[in-house]
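Trainee: Just so it is clear, I am handing over upload.txt, which has compact mmCIF, C-alpha atoms.
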# COMPACT_ATOMS: atom_id res chain seq x y z
CA MET A 1 -21.07 32.30 28.79
CA LEU A 2 -17.92 30.16 28.86
CA LEU A 3 -19.98 27.02 29.58
CA ALA A 4 -22.31 27.86 26.70
CA ALA A 5 -19.36 28.35 24.34
CA LEU A 6 -17.83 25.02 25.34
CA THR A 7 -21.16 23.28 24.86
CA LEU A 8 -21.50 24.78 21.39
CA LEU A 9 -17.98 23.65 20.53
CA VAL A 10 -18.71 20.06 21.59
CA VAL A 11 -21.91 20.02 19.56
CA GLN A 12 -20.08 21.28 16.48
CA VAL A 13 -17.41 18.60 16.78
CA CYS A 14 -20.05 15.89 17.12
CA VAL A 15 -21.85 17.11 14.03
CA PHE A 16 -18.78 16.87 11.83
CA ALA A 17 -17.31 13.58 13.14
CA GLU A 18 -19.26 10.58 11.88
CA HIS A 19 -18.77 7.00 13.08
CA VAL A 20 -18.58 4.65 10.10
CA ARG A 21 -19.13 1.03 11.12
CA VAL A 22 -17.83 -1.81 8.94
CA SER A 23 -17.94 -5.53 9.76
CA TRP A 24 -15.45 -8.01 8.32
CA ASN A 25 -16.02 -11.74 8.72
CA VAL A 26 -12.61 -13.01 7.63
CA GLY A 27 -12.68 -16.57 6.31
CA TYR A 28 -11.37 -19.02 3.76
CA LEU A 29 -12.88 -19.45 0.32
CA ASN A 30 -11.84 -21.50 -2.68
CA ILE A 31 -11.56 -19.13 -5.61
CA SER A 32 -9.83 -18.61 -8.95
CA ARG A 33 -9.02 -14.94 -9.24
CA ASP A 34 -6.60 -15.30 -12.15
CA GLY A 35 -9.00 -17.50 -14.13
CA TYR A 36 -6.66 -20.51 -14.04
CA ASN A 37 -5.75 -21.61 -10.52
CA THR A 38 -8.18 -22.36 -7.73
CA TRP A 39 -6.89 -22.36 -4.18
CA GLN A 40 -7.90 -21.53 -0.64
CA ALA A 41 -7.70 -17.75 -0.36
CA ILE A 42 -8.78 -15.40 2.42
CA GLY A 43 -11.81 -13.20 1.85
CA VAL A 44 -14.25 -11.02 3.73
CA ASN A 45 -17.95 -11.77 4.14
CA GLY A 46 -17.59 -14.67 1.73
CA SER A 47 -16.14 -12.80 -1.24
CA LEU A 48 -13.10 -11.38 -3.01
CA PRO A 49 -12.09 -8.72 -3.86
CA ILE A 50 -12.92 -6.94 -0.62
CA ALA A 51 -15.08 -3.84 -1.02
CA PRO A 52 -13.26 -0.50 -0.65
CA ILE A 53 -13.87 1.50 2.51
CA TYR A 54 -14.78 5.18 2.04
CA VAL A 55 -14.96 7.74 4.85
CA ASP A 56 -14.89 11.51 4.99
CA GLU A 57 -12.25 13.69 6.60
CA GLY A 58 -12.52 13.57 10.38
CA ASP A 59 -14.68 10.44 10.45
CA ILE A 60 -13.97 7.58 12.86
CA LEU A 61 -13.96 4.13 11.30
CA GLU A 62 -15.04 1.28 13.55
CA LEU A 63 -13.81 -1.87 11.81
CA ASN A 64 -15.07 -5.01 13.53
CA VAL A 65 -13.02 -8.03 12.46
CA HIS A 66 -14.29 -11.54 13.23
CA ASN A 67 -11.69 -14.24 12.62
CA LEU A 68 -13.11 -17.38 11.00
CA LEU A 69 -9.66 -18.75 10.13
CA ASP A 70 -7.75 -21.44 12.02
CA LYS A 71 -4.90 -19.07 12.94
CA PRO A 72 -4.52 -15.59 14.46
CA ILE A 73 -4.84 -12.53 12.25
CA SER A 74 -4.41 -8.78 12.57
CA VAL A 75 -5.39 -5.90 10.29
CA HIS A 76 -3.20 -2.86 9.58
CA SER A 77 -4.40 0.46 8.13
CA HIS A 78 -1.45 1.32 5.91
CA GLY A 79 -0.40 4.97 6.19
CA LEU A 80 -2.53 5.98 9.19
CA PHE A 81 -0.79 7.67 12.14
CA PHE A 82 -2.76 6.25 15.12
CA LYS A 83 -1.76 9.15 17.32
CA ASN A 84 -2.14 8.08 20.98
CA ALA A 85 -3.77 4.85 19.73
CA THR A 86 -0.89 2.65 18.58
CA TYR A 87 -2.72 -0.46 19.80
CA TYR A 88 -5.07 -0.11 16.81
CA ASP A 89 -2.19 -0.12 14.29
CA GLY A 90 -2.65 -3.84 13.66
CA ALA A 91 0.95 -5.05 13.38
CA GLY A 92 0.84 -8.60 14.71
CA MET A 93 3.11 -9.21 17.75
CA VAL A 94 4.30 -5.60 17.59
CA THR A 95 1.21 -3.67 18.70
CA GLU A 96 -1.15 -6.57 19.37
CA CYS A 97 -1.25 -10.32 19.93
CA GLY A 98 -3.52 -10.96 16.97
CA ILE A 99 -7.17 -11.97 16.88
CA PRO A 100 -7.50 -15.65 17.85
CA PRO A 101 -9.67 -18.01 15.76
CA ASN A 102 -13.41 -17.55 16.35
CA GLU A 103 -12.82 -14.25 18.18
CA SER A 104 -13.46 -10.62 17.23
CA PHE A 105 -11.74 -7.27 17.68
CA THR A 106 -12.88 -3.77 16.78
CA TYR A 107 -10.28 -1.36 15.41
CA ILE A 108 -11.10 2.30 16.16
CA ILE A 109 -9.46 4.31 13.38
CA ASP A 110 -9.60 8.08 13.91
CA THR A 111 -8.89 9.77 10.58
CA GLY A 112 -8.57 13.24 12.10
CA GLY A 113 -5.85 15.24 10.36
CA GLN A 114 -5.42 12.86 7.43
CA THR A 115 -6.96 12.59 3.97
CA GLY A 116 -5.99 10.71 0.85
CA THR A 117 -5.50 7.23 -0.50
CA PHE A 118 -4.67 4.36 1.87
CA TRP A 119 -5.32 0.64 2.17
CA ILE A 120 -6.04 -1.96 4.83
CA HIS A 121 -4.42 -5.40 4.89
CA GLY A 122 -3.60 -8.41 7.02
CA HIS A 123 -0.41 -7.97 9.05
CA HIS A 124 0.05 -11.01 11.26
CA HIS A 125 1.61 -13.40 8.78
CA SER A 126 0.82 -13.91 5.09
CA GLU A 127 -2.85 -12.90 4.99
CA LEU A 128 -2.12 -9.98 2.66
CA SER A 129 -0.86 -12.18 -0.18
CA ASP A 130 -3.79 -14.56 0.27
CA GLY A 131 -6.34 -11.80 -0.34
CA LEU A 132 -6.88 -9.87 2.91
CA ARG A 133 -6.42 -6.36 1.48
CA ALA A 134 -8.72 -3.50 0.51
CA PRO A 135 -8.49 0.21 -0.43
CA PHE A 136 -9.23 2.76 2.29
CA ILE A 137 -10.12 6.25 1.02
CA ILE A 138 -10.41 9.34 3.24
CA ARG A 139 -12.18 12.04 1.21
CA GLU A 140 -11.51 15.74 1.84
CA LYS A 141 -14.46 17.84 2.90
CA VAL A 142 -13.05 20.64 0.75
CA PRO A 143 -10.71 19.22 -1.94
CA ALA A 144 -7.49 21.15 -2.48
CA VAL A 145 -8.07 20.79 -6.23
CA GLN A 146 -11.32 20.49 -8.12
CA TYR A 147 -12.38 17.51 -10.22
CA ASP A 148 -15.62 16.02 -11.50
CA GLU A 149 -15.27 12.35 -10.62
CA ASP A 150 -13.18 10.06 -8.43
CA ILE A 151 -12.05 6.74 -9.98
CA LEU A 152 -10.29 4.00 -8.00
CA ILE A 153 -7.82 1.65 -9.69
CA THR A 154 -6.36 -1.22 -7.66
CA LEU A 155 -3.29 -3.25 -8.57
CA GLU A 156 -2.47 -6.62 -6.97
CA ASP A 157 -0.06 -9.49 -7.49
CA TRP A 158 -1.80 -12.87 -7.28
CA GLN A 159 0.21 -16.04 -6.83
CA ARG A 160 -0.72 -19.49 -8.10
CA MET A 161 -0.84 -20.97 -4.63
CA ARG A 162 -1.23 -19.97 -0.99
CA ALA A 163 1.54 -17.84 0.48
CA ASP A 164 2.56 -20.55 2.96
CA ASP A 165 2.87 -23.09 0.14
CA LEU A 166 4.85 -20.61 -1.94
CA THR A 167 7.21 -19.95 0.97
CA ASN A 168 7.83 -23.68 1.35
CA LEU A 169 8.58 -23.89 -2.39
CA GLN A 170 11.00 -20.97 -2.26
CA GLN A 171 12.81 -22.46 0.72
CA SER A 172 13.43 -25.67 -1.25
CA VAL A 173 15.27 -24.09 -4.21
CA PRO A 174 18.02 -21.47 -4.71
CA PHE A 175 16.78 -17.92 -4.19
CA GLY A 176 14.99 -16.36 -7.15
CA SER A 177 13.94 -19.69 -8.68
CA LEU A 178 10.19 -19.35 -8.60
CA GLY A 179 9.67 -22.59 -10.48
CA PRO A 180 6.19 -22.73 -12.00
CA ASN A 181 4.76 -20.09 -9.70
CA ASN A 182 4.79 -16.81 -11.60
CA PRO A 183 2.02 -14.48 -10.42
CA THR A 184 -0.73 -12.73 -12.33
CA ALA A 185 -1.60 -9.04 -12.11
CA LEU A 186 -5.08 -8.33 -10.83
CA ILE A 187 -6.43 -4.96 -11.93
CA ASN A 188 -9.58 -3.81 -10.15
CA GLY A 189 -9.86 -7.24 -8.60
CA ILE A 190 -9.66 -9.54 -11.62
CA ASN A 191 -7.09 -10.84 -14.11
CA GLY A 192 -5.67 -7.78 -15.87
CA ASN A 193 -6.52 -9.28 -19.27
CA LYS A 194 -10.21 -9.23 -18.34
CA THR A 195 -10.48 -5.93 -16.45
CA GLN A 196 -13.66 -4.03 -17.26
CA PRO A 197 -13.34 -0.76 -19.23
CA ILE A 198 -13.10 2.62 -17.54
CA HIS A 199 -15.38 5.30 -18.99
CA PHE A 200 -14.60 8.98 -19.60
CA VAL A 201 -16.97 11.77 -20.58
CA PRO A 202 -15.44 14.41 -22.87
CA GLY A 203 -14.26 17.55 -21.07
CA ARG A 204 -14.58 16.15 -17.55
CA ARG A 205 -11.74 16.17 -15.04
CA TYR A 206 -10.99 12.94 -13.19
CA ARG A 207 -9.05 12.04 -10.08
CA LEU A 208 -7.55 8.58 -10.53
CA ARG A 209 -6.52 6.93 -7.27
CA VAL A 210 -4.00 4.23 -8.19
CA VAL A 211 -3.33 1.82 -5.33
CA SER A 212 -0.68 -0.89 -5.37
CA MET A 213 -1.85 -3.55 -2.92
CA SER A 214 0.98 -5.80 -4.04
CA GLY A 215 3.03 -8.03 -1.79
CA THR A 216 6.25 -8.30 -3.80
CA TYR A 217 5.79 -7.07 -7.39
CA TRP A 218 6.03 -3.58 -8.92
CA PHE A 219 3.65 -1.87 -11.35
CA LYS A 220 4.02 0.82 -14.01
CA PHE A 221 0.89 2.72 -15.01
CA ARG A 222 0.37 4.93 -18.08
CA LEU A 223 -2.41 6.52 -20.12
CA PRO A 224 -0.99 7.36 -23.56
CA GLY A 225 -2.61 10.37 -25.18
CA HIS A 226 -3.41 12.00 -21.81
CA THR A 227 -1.52 14.02 -19.23
CA LEU A 228 -1.10 12.64 -15.71
CA GLU A 229 -0.78 15.28 -12.99
CA ILE A 230 0.21 13.93 -9.57
CA ILE A 231 -1.60 15.66 -6.69
CA GLU A 232 -1.10 13.12 -3.89
CA GLY A 233 1.43 10.49 -2.92
CA ASP A 234 0.85 8.02 -0.08
CA GLY A 235 -1.65 10.23 1.71
CA THR A 236 0.32 13.47 1.33
CA ASP A 237 -1.07 16.23 -0.91
CA THR A 238 1.56 17.50 -3.33
CA GLU A 239 2.06 20.39 -5.66
CA PRO A 240 0.97 19.35 -9.18
CA ALA A 241 3.65 17.31 -10.97
CA VAL A 242 3.15 16.28 -14.60
CA VAL A 243 4.49 12.82 -15.51
CA ASP A 244 4.16 10.29 -18.31
CA GLY A 245 3.57 7.43 -15.93
CA LEU A 246 3.55 6.08 -12.39
CA ASP A 247 6.09 3.57 -11.06
CA LEU A 248 4.63 1.93 -7.96
CA CYS A 249 6.40 -0.34 -5.50
CA PRO A 250 4.39 -2.64 -3.20
CA GLY A 251 2.07 -0.59 -0.99
CA GLN A 252 2.52 2.69 -2.87
CA ARG A 253 -0.36 4.99 -3.86
CA TYR A 254 -0.78 8.02 -6.08
CA SER A 255 -3.64 10.33 -7.05
CA VAL A 256 -3.42 11.91 -10.50
CA LEU A 257 -5.65 14.38 -12.30
CA VAL A 258 -6.57 13.59 -15.90
CA THR A 259 -8.64 15.89 -18.10
CA ALA A 260 -10.61 14.05 -20.75
CA HIS A 261 -10.40 15.15 -24.37
CA ASP A 262 -13.14 17.41 -25.69
CA THR A 263 -14.24 14.84 -28.28
CA ASP A 264 -15.35 11.21 -28.16
CA ALA A 265 -13.91 10.46 -31.59
CA PHE A 266 -11.50 7.85 -30.17
CA ASN A 267 -11.20 5.43 -27.32
CA TYR A 268 -7.86 4.85 -25.58
CA ALA A 269 -6.20 2.34 -23.25
CA PHE A 270 -4.39 2.38 -19.92
CA ASN A 271 -1.06 0.54 -20.05
CA VAL A 272 -0.03 -1.47 -17.00
CA THR A 273 3.34 -3.21 -16.71
CA PHE A 274 3.74 -5.87 -14.04
CA TYR A 275 7.34 -6.62 -13.13
CA SER A 276 9.74 -7.80 -10.47
CA LYS A 277 12.59 -5.92 -8.83
CA PHE A 278 13.01 -8.43 -6.04
CA PHE A 279 13.06 -11.79 -7.83
CA ASN A 280 14.87 -12.97 -10.93
CA GLN A 281 12.88 -12.11 -14.03
CA VAL A 282 11.53 -14.94 -16.17
CA ALA A 283 11.64 -14.30 -19.93
CA GLY A 284 8.17 -13.99 -21.42
CA LEU A 285 6.51 -13.73 -18.03
CA ASP A 286 8.32 -10.83 -16.36
CA PRO A 287 7.67 -8.09 -17.24
CA ARG A 288 4.09 -8.67 -18.32
CA HIS A 289 1.91 -6.08 -20.04
CA TYR A 290 -1.82 -5.39 -19.71
CA GLU A 291 -4.24 -2.92 -21.28
CA ILE A 292 -7.39 -1.53 -19.67
CA PRO A 293 -9.86 -0.10 -22.23
CA LEU A 294 -10.66 3.57 -21.75
CA VAL A 295 -14.01 4.16 -23.42
CA TYR A 296 -15.24 7.58 -24.55
CA ARG A 297 -17.88 6.12 -26.86
CA PRO A 298 -18.89 2.51 -27.48
CA ASN A 299 -17.70 1.20 -30.85
CA ALA A 300 -15.33 4.12 -31.41
CA LEU A 301 -11.89 3.22 -32.78
CA THR A 302 -9.12 2.80 -30.22
CA ARG A 303 -6.28 5.20 -30.89
CA LYS A 304 -2.86 3.57 -31.04
CA PHE A 305 0.46 5.18 -30.13
CA PRO A 306 4.03 4.24 -31.02
CA VAL A 307 5.98 2.27 -28.42
CA ILE A 308 8.28 4.51 -26.37
CA GLU A 309 11.13 3.15 -24.28
CA ASP A 310 10.68 3.64 -20.55
CA SER A 311 14.00 5.49 -20.39
CA GLU A 312 12.54 8.23 -22.61
CA LEU A 313 9.55 8.84 -20.36
CA THR A 314 9.12 10.90 -17.19
CA TRP A 315 8.13 8.67 -14.28
CA SER A 316 6.86 9.46 -10.80
CA ASP A 317 9.70 10.20 -8.38
CA ASP A 318 9.10 10.55 -4.63
CA PHE A 319 12.17 12.71 -4.22
CA ALA A 320 10.95 15.23 -6.82
CA LEU A 321 7.48 15.69 -5.32
CA VAL A 322 6.82 18.84 -3.27
CA PRO A 323 4.30 18.49 -0.39
CA ARG A 324 1.54 21.05 -0.62
CA ASP A 325 1.99 22.12 3.03
CA LYS A 326 5.69 22.87 2.36
CA GLN A 327 6.73 21.71 5.80
CA PRO A 328 10.25 22.98 6.55
CA LEU A 329 13.09 20.51 6.88
CA LEU A 330 13.00 18.92 10.32
CA ALA A 331 16.03 20.18 12.25
CA PRO A 332 18.18 19.95 14.17
CA VAL A 333 18.69 16.18 14.08
CA ASP A 334 18.77 14.70 17.58
CA ARG A 335 19.84 11.21 16.56
CA GLN A 336 21.00 9.34 13.49
CA ILE A 337 20.22 5.67 12.94
CA VAL A 338 22.07 3.85 10.15
CA LEU A 339 20.33 0.77 8.78
CA THR A 340 22.25 -1.41 6.33
CA GLU A 341 20.34 -4.21 4.70
CA ARG A 342 22.02 -7.57 5.12
CA GLU A 343 21.25 -10.98 3.68
CA HIS A 344 21.73 -13.99 5.92
CA ASP A 345 22.07 -17.08 3.74
CA HIS A 346 20.91 -20.45 4.96
CA GLU A 347 23.68 -22.90 5.84
CA ASN A 348 22.84 -25.30 3.02
CA GLY A 349 22.63 -22.51 0.45
CA ILE A 350 19.03 -23.39 -0.35
CA GLY A 351 16.03 -21.12 0.10
CA SER A 352 15.49 -17.39 0.30
CA ALA A 353 18.09 -15.48 2.25
CA ASP A 354 16.79 -13.80 5.38
CA ILE A 355 16.92 -10.01 5.11
CA ALA A 356 17.82 -8.01 8.18
CA PHE A 357 19.08 -4.65 9.43
CA GLY A 358 21.45 -6.30 11.89
CA ASP A 359 22.97 -9.56 13.00
CA TYR A 360 19.58 -11.23 13.27
CA ALA A 361 16.64 -11.36 10.92
CA TYR A 362 13.51 -10.06 12.60
CA SER A 363 11.17 -12.59 14.17
CA PRO A 364 8.21 -11.87 16.45
CA GLY A 365 8.68 -12.19 20.18
CA LEU A 366 6.44 -14.00 22.64
CA VAL A 367 4.99 -10.67 23.79
CA PRO A 368 4.05 -7.73 21.52
CA SER A 369 6.69 -5.00 21.63
CA LEU A 370 4.09 -2.40 22.67
CA PHE A 371 3.09 -4.51 25.67
CA THR A 372 6.74 -4.82 26.68
CA ALA A 373 7.15 -1.04 26.47
CA LEU A 374 4.10 -0.49 28.67
CA THR A 375 4.90 -3.06 31.37
CA THR A 376 8.67 -2.98 31.97
CA GLY A 377 9.00 0.42 33.62
CA ALA A 378 12.41 2.04 33.26
CA LEU A 379 13.66 -1.01 31.32
CA ALA A 380 11.41 0.03 28.43
CA GLY A 381 14.13 2.51 27.47
CA GLU A 382 16.64 -0.29 26.94
CA SER A 383 16.61 -1.86 23.47
CA SER A 384 17.81 -5.20 24.86
CA VAL A 385 14.55 -5.76 26.74
CA TYR A 386 12.79 -6.39 23.40
CA GLY A 387 15.11 -9.27 22.50
CA PRO A 388 17.89 -9.55 19.91
CA GLN A 389 15.46 -10.74 17.22
CA ALA A 390 13.57 -7.43 17.39
CA ASN A 391 16.50 -5.19 16.39
CA ALA A 392 14.78 -2.49 18.45
CA PHE A 393 15.76 1.18 18.55
CA VAL A 394 14.43 3.27 21.43
CA VAL A 395 14.02 6.96 20.62
CA LYS A 396 12.82 9.90 22.68
CA HIS A 397 9.46 11.55 22.22
CA MET A 398 9.50 14.50 19.78
CA HIS A 399 13.16 13.97 18.88
CA VAL A 400 14.10 14.41 15.23
CA VAL A 401 15.58 11.12 14.02
CA GLU A 402 17.56 10.84 10.80
CA ILE A 403 17.43 7.34 9.30
CA VAL A 404 20.09 6.38 6.78
CA LEU A 405 19.10 3.37 4.69
CA ASN A 406 21.86 1.50 2.87
CA ASN A 407 21.14 -1.32 0.42
CA PRO A 408 24.41 -2.82 -0.84
CA ASN A 409 22.60 -5.81 -2.37
CA ASN A 410 21.50 -6.25 -5.98
CA ARG A 411 17.78 -6.34 -5.16
CA TYR A 412 15.40 -3.43 -4.70
CA HIS A 413 13.48 -3.15 -1.45
CA SER A 414 10.78 -0.64 -0.51
CA PHE A 415 10.68 0.91 2.97
CA HIS A 416 7.57 1.79 4.99
CA MET A 417 7.36 3.19 8.52
CA HIS A 418 4.16 2.70 10.50
CA GLY A 419 2.60 5.78 12.08
CA HIS A 420 4.85 8.35 10.42
CA ALA A 421 5.27 10.37 7.24
CA PHE A 422 8.98 10.94 6.84
CA GLN A 423 10.87 13.51 4.80
CA ILE A 424 13.16 12.22 2.04
CA VAL A 425 16.22 14.46 2.17
CA GLU A 426 18.79 12.63 0.04
CA VAL A 427 18.95 9.80 -2.47
CA ALA A 428 22.27 8.47 -3.71
CA ASP A 429 23.56 5.55 -5.77
CA ALA A 430 25.26 2.78 -3.88
CA THR A 431 28.51 3.69 -5.60
I'd like the structure from this file rewritten - as structure tokens, please.
Mentor:
Amino acid sequence: MLLAALTLLVVQVCVFAEHVRVSWNVGYLNISRDGYNTWQAIGVNGSLPIAPIYVDEGDILELNVHNLLDKPISVHSHGLFFKNATYYDGAGMVTECGIPPNESFTYIIDTGGQTGTFWIHGHHHSELSDGLRAPFIIREKVPAVQYDEDILITLEDWQRMRADDLTNLQQSVPFGSLGPNNPTALINGINGNKTQPIHFVPGRRYRLRVVSMSGTYWFKFRLPGHTLEIIEGDGTDTEPAVVDGLDLCPGQRYSVLVTAHDTDAFNYAFNVTFYSKFFNQVAGLDPRHYEIPLVYRPNALTRKFPVIEDSELTWSDDFALVPRDKQPLLAPVDRQIVLTEREHDHENGIGSADIAFGDYAYSPGLVPSLFTALTTGALAGESSVYGPQANAFVVKHMHVVEIVLNNPNNRYHSFHMHGHAFQIVEVADAT
């Protein structure tokens, strides 16, 4: 009887876990995504934008990546935990060496235990900014909240030249002087001024998945005349939170519920603001505003609303969101790590300052950090074995670690931790 029960259990697991196979041939292509500037970007299977990847809860994604570039690449699934499979995380020279030119690697991404809105992007050098990025959606088998339709909205910053060329430009002038290279916002893959309309049917309830696949720029997202109800942030289901708009830093994602009006008497418009918190703003170009038509009925009048200052609106706030699972505060704390952001200026005062959490700005080692941890025996517990440029912290398995982030500089900087969903317990002004 026990053998029969175990066999039945195995069969049931196999029925519910599907293998979704996706092939990416990553190569160069000359393209103008902003409608003005043509340069050598990085696409997949000969095109940009890259098609979203959809799987269902519990599925296993097999992502085969073939590198047609002339340099190594890696691919990171942003927000996934990779429990007992860190080598599939995709952080170049941290968890892997990178895929050499004309070689392939298959990432096995087990979605078990996670649902929500994620994205996949290059993570070896600058591939992300050159186009190697795509949404990755893990759909719940039984949604925590009910809705009629799922709509994906992607937000990207698109430079006027390749990332390597932009870096060389930035290193030749004082920090913040972007020169002629001010980016364009891409909304759903094209210049935000040309984004195709989104259609609503009266009375239907929509889940909008808003994904910032940006490298350095922020986005604000609003739908005047409608209520936005946050139900997910960065892959974590939340208690409903009503806001006027979303404020998204690079890499951030939200799901919001929107109930369409009962009548198609008017059309509306999504408002998207594209702005910088990391570079000096350029008058007339930063911030930049875009509108996406929201169509209830073709040829209906578009309803206009008075301009409201951002300070008078309620914006998304990570600290105010309540996770649906109501996980208790992790305690007691076994170790505290204090990270203070520092800027290391170049000796000649020209170029972008290097940003670090210590005396050295991070640079990749000759061997991936994971390989060092797996091959140095007892020395793996010593942070020095990873080299001074790694700024490594070695922590114990299952310990509760409290990380204190201090940013005494005058520039905003987002923070993302691979393989973990951390609890935000306190936010304070620098003063």
Trainee: Any idea what the distance is between CA of Phe105 in chain A and CA of Thr376 in chain A?
Mentor: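 Computed distance, CA of Phe105 in chain A to CA of Thr376 in chain A, equals 25.3 Å.
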Trainee: Between A:Gly233, A:Gly203, A:Gly122, A:Pro388, which has the minimum distance to Thr263 in chain A (counting all atoms listed in the file)?
Mentor: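 Checking each candidate against Thr263 in chain A, we get A:Gly203 as the closest.
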Trainee: What does the structure give for the distance between CA of Arg160 in chain A and CA of Cys97 in chain A, in Å to one decimal?
Mentor: 29.5 Å
Trainee: What is the distance between CA of Gly419 in chain A and CA of Leu257 in chain A, in Å to one decimal?
Mentor: 27.1 Å
Trainee: Each residue of range 184-277 of chain A with at least one atom at most 6 Å from range 146-154 of chain A should appear once, together with its nearest atom pair and the corresponding distance in Å (one decimal); atoms considered: all atoms listed in the file; ordering: chain, then increasing residue number; output as JSON lines.
Mentor:
{"residue": "A:Ile187", "atom": "CA", "partner": "A:Thr154", "partner_atom": "CA", "distance": 5.7}
{"residue": "A:Asn188", "atom": "CA", "partner": "A:Thr154", "partner_atom": "CA", "distance": 4.8}
{"residue": "A:Arg205", "atom": "CA", "partner": "A:Tyr147", "partner_atom": "CA", "distance": 5.0}
{"residue": "A:Tyr206", "atom": "CA", "partner": "A:Glu149", "partner_atom": "CA", "distance": 5.0}
{"residue": "A:Arg207", "atom": "CA", "partner": "A:Asp150", "partner_atom": "CA", "distance": 4.9}
{"residue": "A:Leu208", "atom": "CA", "partner": "A:Ile151", "partner_atom": "CA", "distance": 4.9}
{"residue": "A:Arg209", "atom": "CA", "partner": "A:Leu152", "partner_atom": "CA", "distance": 4.8}
{"residue": "A:Val210", "atom": "CA", "partner": "A:Ile153", "partner_atom": "CA", "distance": 4.8}
{"residue": "A:Val211", "atom": "CA", "partner": "A:Thr154", "partner_atom": "CA", "distance": 4.9}
Trainee: I'd like the neighbourhood of Leu246 in chain A as a list in words, where a residue qualifies if any of its atoms comes within 6 Å (using only C-alpha atoms), though same-chain residues fewer than 3 positions away should be ignored.
Mentor: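 These residues fall inside the cut-off: Lys220, Phe221, Trp315 and Ser316 of chain A.
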Trainee: Write out as number ranges by chain the residues lying within 6 Å of range 34-42 of chain A, counting only C-alpha atoms and excluding same-chain residues fewer than 6 positions away.
Mentor: A: 27-28, 130-132, 160, 191
Trainee: Using only C-alpha atoms, find each residue in range 239-355 of chain A having at least one atom no more than 12 Å away from range 71-79 of chain A; report its shortest atom-to-atom pair and that distance in Å (one decimal), rows by chain then rising number, as a tab-separated table.
Mentor:
residue	atom	partner	partner_atom	distance
A:Pro250	CA	A:His78	CA	11.5
A:Gly251	CA	A:His78	CA	8.0
A:Gln252	CA	A:His78	CA	9.7
A:Arg253	CA	A:Gly79	CA	10.1
Trainee: Some atoms are missing, so please complete range 218-222 of chain A with all heavy atoms and return it as a CSV table (one decimal), in the coordinates of the input.
Mentor:
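What ended up in part.csv:
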chain,number,residue,atom,x,y,z
A,218,TRP,N,6.2,-5.0,-8.6
A,218,TRP,CA,6.0,-3.6,-8.9
A,218,TRP,C,5.1,-3.4,-10.1
A,218,TRP,O,4.8,-4.4,-10.8
A,218,TRP,CB,7.4,-3.0,-9.4
A,218,TRP,CG,8.2,-2.4,-8.3
A,218,TRP,CD1,8.6,-1.1,-8.2
A,218,TRP,CD2,8.9,-3.1,-7.2
A,218,TRP,NE1,9.4,-0.9,-7.1
A,218,TRP,CE2,9.6,-2.1,-6.5
A,218,TRP,CE3,9.0,-4.4,-6.8
A,218,TRP,CZ2,10.4,-2.4,-5.4
A,218,TRP,CZ3,9.8,-4.7,-5.7
A,218,TRP,CH2,10.5,-3.7,-5.0
A,219,PHE,N,4.5,-2.2,-10.2
A,219,PHE,CA,3.6,-1.9,-11.4
A,219,PHE,C,4.1,-0.5,-12.0
A,219,PHE,O,4.5,0.4,-11.3
A,219,PHE,CB,2.2,-1.7,-10.9
A,219,PHE,CG,1.5,-3.0,-10.6
A,219,PHE,CD1,1.6,-3.5,-9.3
A,219,PHE,CD2,0.8,-3.7,-11.5
A,219,PHE,CE1,0.9,-4.7,-9.0
A,219,PHE,CE2,0.1,-4.9,-11.2
A,219,PHE,CZ,0.2,-5.4,-10.0
A,220,LYS,N,3.9,-0.5,-13.3
A,220,LYS,CA,4.0,0.8,-14.0
A,220,LYS,C,2.7,1.1,-14.7
A,220,LYS,O,2.0,0.2,-15.2
A,220,LYS,CB,5.1,0.8,-15.1
A,220,LYS,CG,6.5,0.8,-14.5
A,220,LYS,CD,7.6,0.9,-15.5
A,220,LYS,CE,9.0,1.0,-14.9
A,220,LYS,NZ,10.1,1.2,-15.9
A,221,PHE,N,2.2,2.4,-14.6
A,221,PHE,CA,0.9,2.7,-15.0
A,221,PHE,C,1.0,3.9,-15.9
A,221,PHE,O,1.5,5.0,-15.5
A,221,PHE,CB,0.1,3.0,-13.8
A,221,PHE,CG,-1.3,3.5,-14.0
A,221,PHE,CD1,-2.4,2.6,-14.1
A,221,PHE,CD2,-1.6,4.8,-14.2
A,221,PHE,CE1,-3.7,3.0,-14.4
A,221,PHE,CE2,-2.9,5.3,-14.4
A,221,PHE,CZ,-4.0,4.3,-14.5
A,222,ARG,N,0.4,3.8,-17.1
A,222,ARG,CA,0.4,4.9,-18.1
A,222,ARG,C,-1.0,5.1,-18.8
A,222,ARG,O,-1.8,4.1,-18.8
A,222,ARG,CB,1.4,4.7,-19.2
A,222,ARG,CG,2.9,4.8,-18.7
A,222,ARG,CD,3.8,4.8,-20.0
A,222,ARG,NE,3.5,5.9,-20.8
A,222,ARG,CZ,3.5,5.8,-22.2
A,222,ARG,NH1,3.7,4.7,-22.8
A,222,ARG,NH2,3.3,6.9,-22.9
